[in-house]
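Report on one structure; see the data block that follows.
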Amino acid sequence: MLKKRLLSSALLFTSFITLAACGNNDEAADNKAAEPATEETGSNAADAEALKDGEYKLETPMSDNGWRTEVVMTVTDGKVADINVESYDKDDNKKSEDEEYQKNMKAESGTSSNEAYEQLTKQFVETGDPDKVDVVSGATHTSESFKKQTKALLDAAKAGDTSVIKFEE
């Protein structure tokens with residue numbers, strides 16, 4: 001079991017490094033392309049104003065790696081006020097409280113999922129725009145999933161649809 005876990009961890013680490021290297025190049029290109037577009041920033045601010053106040057929730061199914069995720073976004077005064085992300089295993093244990101998982105991820109990728117979500121949620125609340133959230137090094141898949149999930153939540157908030165989103169990538 002330990003050998004299998006170590007092998008899985010090594011493969012996961014290699015995947016993170018590969019994806020991070022690819023993600024960093026794309027991120028730099030996206031940032032350069034986005035800099036001169038000041039008009040776009042204005043339209044994003046207008047989109048943020050169109051959000052309907054309320055609590056919006058998204059749930060993913062159980063993944064192959066044994067976690068399902070819930071994302072809850074709160075909109076107040078037409079803006080994203082808070083967002084909370086938590087993953088659960090089959091026994092409803094929280095990933096954020098799984099010290100071994102956090103420790104192993106940090107050792108393999110340089111960041112824990114708790115650290116990654118702290119950075120992602122902070123950026124999202126500050127900007128209200130998933131496209132302005134930087135990919136967290138060592139957590140590329142987590143970052144990209146977070147961006148897709150927050151886009152779905154923003155769409156629901158624009159429509160004022162507070163029903164739970166069943167999200168599959």
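Here's how to read the names in the structure tokens: chain A, B, ... by the order shown, residue numbers from 1 in each chain, ligand numbers from 1 in the order shown.
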
Residue list (strand (DSSP E), DSSP) for region 59-148 of chain A, as number ranges by chain: A: 59, 68-76, 79-88

Closest-contact table, region 109-157 of chain A side, partner region 86-105 of chain A, 12 Å, counting only C-alpha atoms, as a tab-separated table:
```
residue	atom	partner	partner_atom	distance
A:Ser109	CA	A:Met105	CA	5.8
A:Gly110	CA	A:Met105	CA	7.3
A:Thr111	CA	A:Met105	CA	6.5
A:Ser112	CA	A:Gln102	CA	5.0
A:Ser113	CA	A:Gln102	CA	6.4
A:Asn114	CA	A:Ser96	CA	6.0
A:Glu115	CA	A:Gln102	CA	9.0
A:Ala116	CA	A:Met105	CA	10.6
A:Tyr117	CA	A:Glu86	CA	9.1
A:Glu118	CA	A:Ser96	CA	10.9
A:Thr121	CA	A:Glu86	CA	11.6
A:Gly138	CA	A:Met105	CA	8.8
A:Ala139	CA	A:Met105	CA	9.1
A:Thr142	CA	A:Ser87	CA	11.3
A:Phe146	CA	A:Glu86	CA	11.3
```

Store the residues picked out above, limited to C-alpha atoms, as a JSON list (two decimals), in the first residue's frame.
```json
[["chain", "number", "residue", "atom", "x", "y", "z"],
["A", 109, "SER", "CA", 4.42, 20.10, -5.56],
["A", 110, "GLY", "CA", 5.66, 22.85, -3.27],
["A", 111, "THR", "CA", 2.18, 23.84, -2.12],
["A", 112, "SER", "CA", -0.67, 22.24, -0.22],
["A", 113, "SER", "CA", -4.25, 22.34, -1.43],
["A", 114, "ASN", "CA", -5.08, 24.59, 1.53],
["A", 115, "GLU", "CA", -2.39, 27.07, 0.46],
["A", 116, "ALA", "CA", -3.51, 26.91, -3.16],
["A", 117, "TYR", "CA", -7.16, 27.56, -2.32],
["A", 118, "GLU", "CA", -6.20, 30.39, 0.01],
["A", 121, "THR", "CA", -10.06, 32.47, -3.27],
["A", 138, "GLY", "CA", 2.32, 23.33, -8.13],
["A", 139, "ALA", "CA", -1.49, 23.34, -8.24],
["A", 142, "THR", "CA", -6.64, 22.78, -8.93],
["A", 146, "PHE", "CA", -11.31, 26.55, -9.67]]
```

Select, from A:Asp131, A:Glu59, A:Asp77, A:Glu108, the residue with the minimum atom-to-atom distance to Ala157 (chain A), counting only C-alpha atoms. A:Asp77

Once DSSP has gone over the backbone, tell me which residues of region 45-151 of chain A are in alpha helix (DSSP H), as an MDAnalysis selection string. chainID A and resid 45:49 99:109 113:127 140:151

So that I can see what lies close to Val136 (chain A), please list as a PyMOL selection string the residues with an atom at most 8 Å from it, counting only C-alpha atoms and leaving out residues fewer than 6 positions away in the same chain. chain A and resi 116+119-120+143

Give me, as a ChimeraX atom specification, all polymer residues having an atom no more than 9 Å from Lys57 (chain A), counting only C-alpha atoms and skipping those fewer than 2 positions away in the same chain. /A:55,59,70-74,153,162-166

Store the residues picked out above, limited to all heavy atoms, as a compact mmCIF listing (two decimals), in the first residue's frame.
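Saved result, again-v9.txt, follows:
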```txt
# COMPACT_ATOMS: atom_id res chain seq x y z
N GLU A 55 -26.51 33.25 -2.13
CA GLU A 55 -25.49 32.22 -1.94
C GLU A 55 -25.64 31.21 -3.07
O GLU A 55 -26.74 30.71 -3.32
CB GLU A 55 -25.67 31.53 -0.59
CG GLU A 55 -24.57 30.54 -0.28
CD GLU A 55 -24.67 29.99 1.13
OE1 GLU A 55 -24.18 30.65 2.06
OE2 GLU A 55 -25.26 28.90 1.27
N GLU A 59 -21.39 21.66 -6.83
CA GLU A 59 -20.89 20.38 -6.33
C GLU A 59 -20.35 19.57 -7.50
O GLU A 59 -20.95 19.54 -8.57
CB GLU A 59 -22.01 19.58 -5.67
CG GLU A 59 -22.58 20.22 -4.44
CD GLU A 59 -23.76 19.43 -3.86
OE1 GLU A 59 -24.30 18.54 -4.54
OE2 GLU A 59 -24.15 19.74 -2.72
N GLU A 70 -17.14 20.87 -3.05
CA GLU A 70 -18.25 21.81 -2.93
C GLU A 70 -17.66 23.22 -2.89
O GLU A 70 -16.70 23.48 -2.17
CB GLU A 70 -19.04 21.57 -1.65
CG GLU A 70 -19.80 20.27 -1.63
CD GLU A 70 -20.60 20.06 -0.35
OE1 GLU A 70 -20.63 20.96 0.52
OE2 GLU A 70 -21.21 18.98 -0.23
N VAL A 71 -18.25 24.10 -3.70
CA VAL A 71 -17.82 25.50 -3.73
C VAL A 71 -19.04 26.35 -3.43
O VAL A 71 -20.08 26.20 -4.07
CB VAL A 71 -17.24 25.88 -5.11
CG1 VAL A 71 -16.69 27.31 -5.08
CG2 VAL A 71 -16.16 24.90 -5.56
N VAL A 72 -18.91 27.24 -2.45
CA VAL A 72 -20.01 28.13 -2.08
C VAL A 72 -19.53 29.57 -2.24
O VAL A 72 -18.52 29.96 -1.65
CB VAL A 72 -20.49 27.87 -0.62
CG1 VAL A 72 -21.61 28.85 -0.26
CG2 VAL A 72 -20.93 26.43 -0.45
N MET A 73 -20.27 30.33 -3.05
CA MET A 73 -19.93 31.72 -3.31
C MET A 73 -21.07 32.60 -2.78
O MET A 73 -22.24 32.34 -3.06
CB MET A 73 -19.75 31.95 -4.81
CG MET A 73 -19.44 33.38 -5.20
SD MET A 73 -19.25 33.60 -6.99
CE MET A 73 -20.97 33.62 -7.52
N THR A 74 -20.70 33.64 -2.06
CA THR A 74 -21.67 34.60 -1.54
C THR A 74 -21.51 35.91 -2.29
O THR A 74 -20.41 36.44 -2.41
CB THR A 74 -21.46 34.83 -0.03
OG1 THR A 74 -21.52 33.58 0.64
CG2 THR A 74 -22.51 35.77 0.53
N LEU A 153 -20.37 29.51 -11.35
CA LEU A 153 -21.04 30.20 -10.24
C LEU A 153 -21.41 31.63 -10.62
O LEU A 153 -22.49 32.12 -10.27
CB LEU A 153 -20.16 30.18 -8.99
CG LEU A 153 -20.08 28.83 -8.29
CD1 LEU A 153 -18.91 28.80 -7.32
CD2 LEU A 153 -21.38 28.51 -7.57
N THR A 162 -30.14 30.22 -7.61
CA THR A 162 -29.47 29.71 -6.41
C THR A 162 -29.59 28.18 -6.27
O THR A 162 -29.20 27.63 -5.23
CB THR A 162 -30.03 30.37 -5.14
OG1 THR A 162 -31.43 30.16 -5.08
CG2 THR A 162 -29.71 31.87 -5.13
N SER A 163 -30.09 27.50 -7.30
CA SER A 163 -30.13 26.03 -7.22
C SER A 163 -28.69 25.50 -7.30
O SER A 163 -27.81 26.12 -7.88
CB SER A 163 -31.00 25.44 -8.33
OG SER A 163 -30.49 25.79 -9.60
N VAL A 164 -28.47 24.35 -6.69
CA VAL A 164 -27.12 23.76 -6.64
C VAL A 164 -26.71 23.34 -8.04
O VAL A 164 -27.44 22.63 -8.74
CB VAL A 164 -27.08 22.56 -5.67
CG1 VAL A 164 -25.71 21.90 -5.70
CG2 VAL A 164 -27.44 23.00 -4.26
N ILE A 165 -25.51 23.76 -8.43
CA ILE A 165 -24.95 23.39 -9.74
C ILE A 165 -24.27 22.05 -9.60
O ILE A 165 -23.38 21.88 -8.77
CB ILE A 165 -23.93 24.45 -10.21
CG1 ILE A 165 -24.59 25.82 -10.34
CG2 ILE A 165 -23.27 24.01 -11.51
CD1 ILE A 165 -23.60 26.95 -10.52
N LYS A 166 -24.66 21.09 -10.41
CA LYS A 166 -23.98 19.80 -10.48
C LYS A 166 -22.95 19.93 -11.59
O LYS A 166 -23.28 19.97 -12.77
CB LYS A 166 -24.98 18.66 -10.78
CG LYS A 166 -26.07 18.52 -9.74
CD LYS A 166 -25.49 18.10 -8.41
CE LYS A 166 -26.61 17.88 -7.39
NZ LYS A 166 -26.12 17.61 -6.07
```

Point-to-point distance from CA of Gly160 (chain A) to CA of Lys52 (chain A), Å rounded to tenths: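 Between CA of Gly160 (chain A) and CA of Lys52 (chain A) the gap works out to 5.2 Å.
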
One number please: CA of Leu154 (chain A) to CA of Leu51 (chain A), in Å, one decimal.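 Rounded to one decimal, the two atoms are 7.4 Å apart.
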
Best match for closeness to Ala81 (chain A) among A:Ala50, A:Val133, A:Thr127, A:Gly66, counting only C-alpha atoms: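 Between A:Ala50, A:Val133, A:Thr127, A:Gly66, the residue approaching Ala81 (chain A) most closely is A:Thr127.
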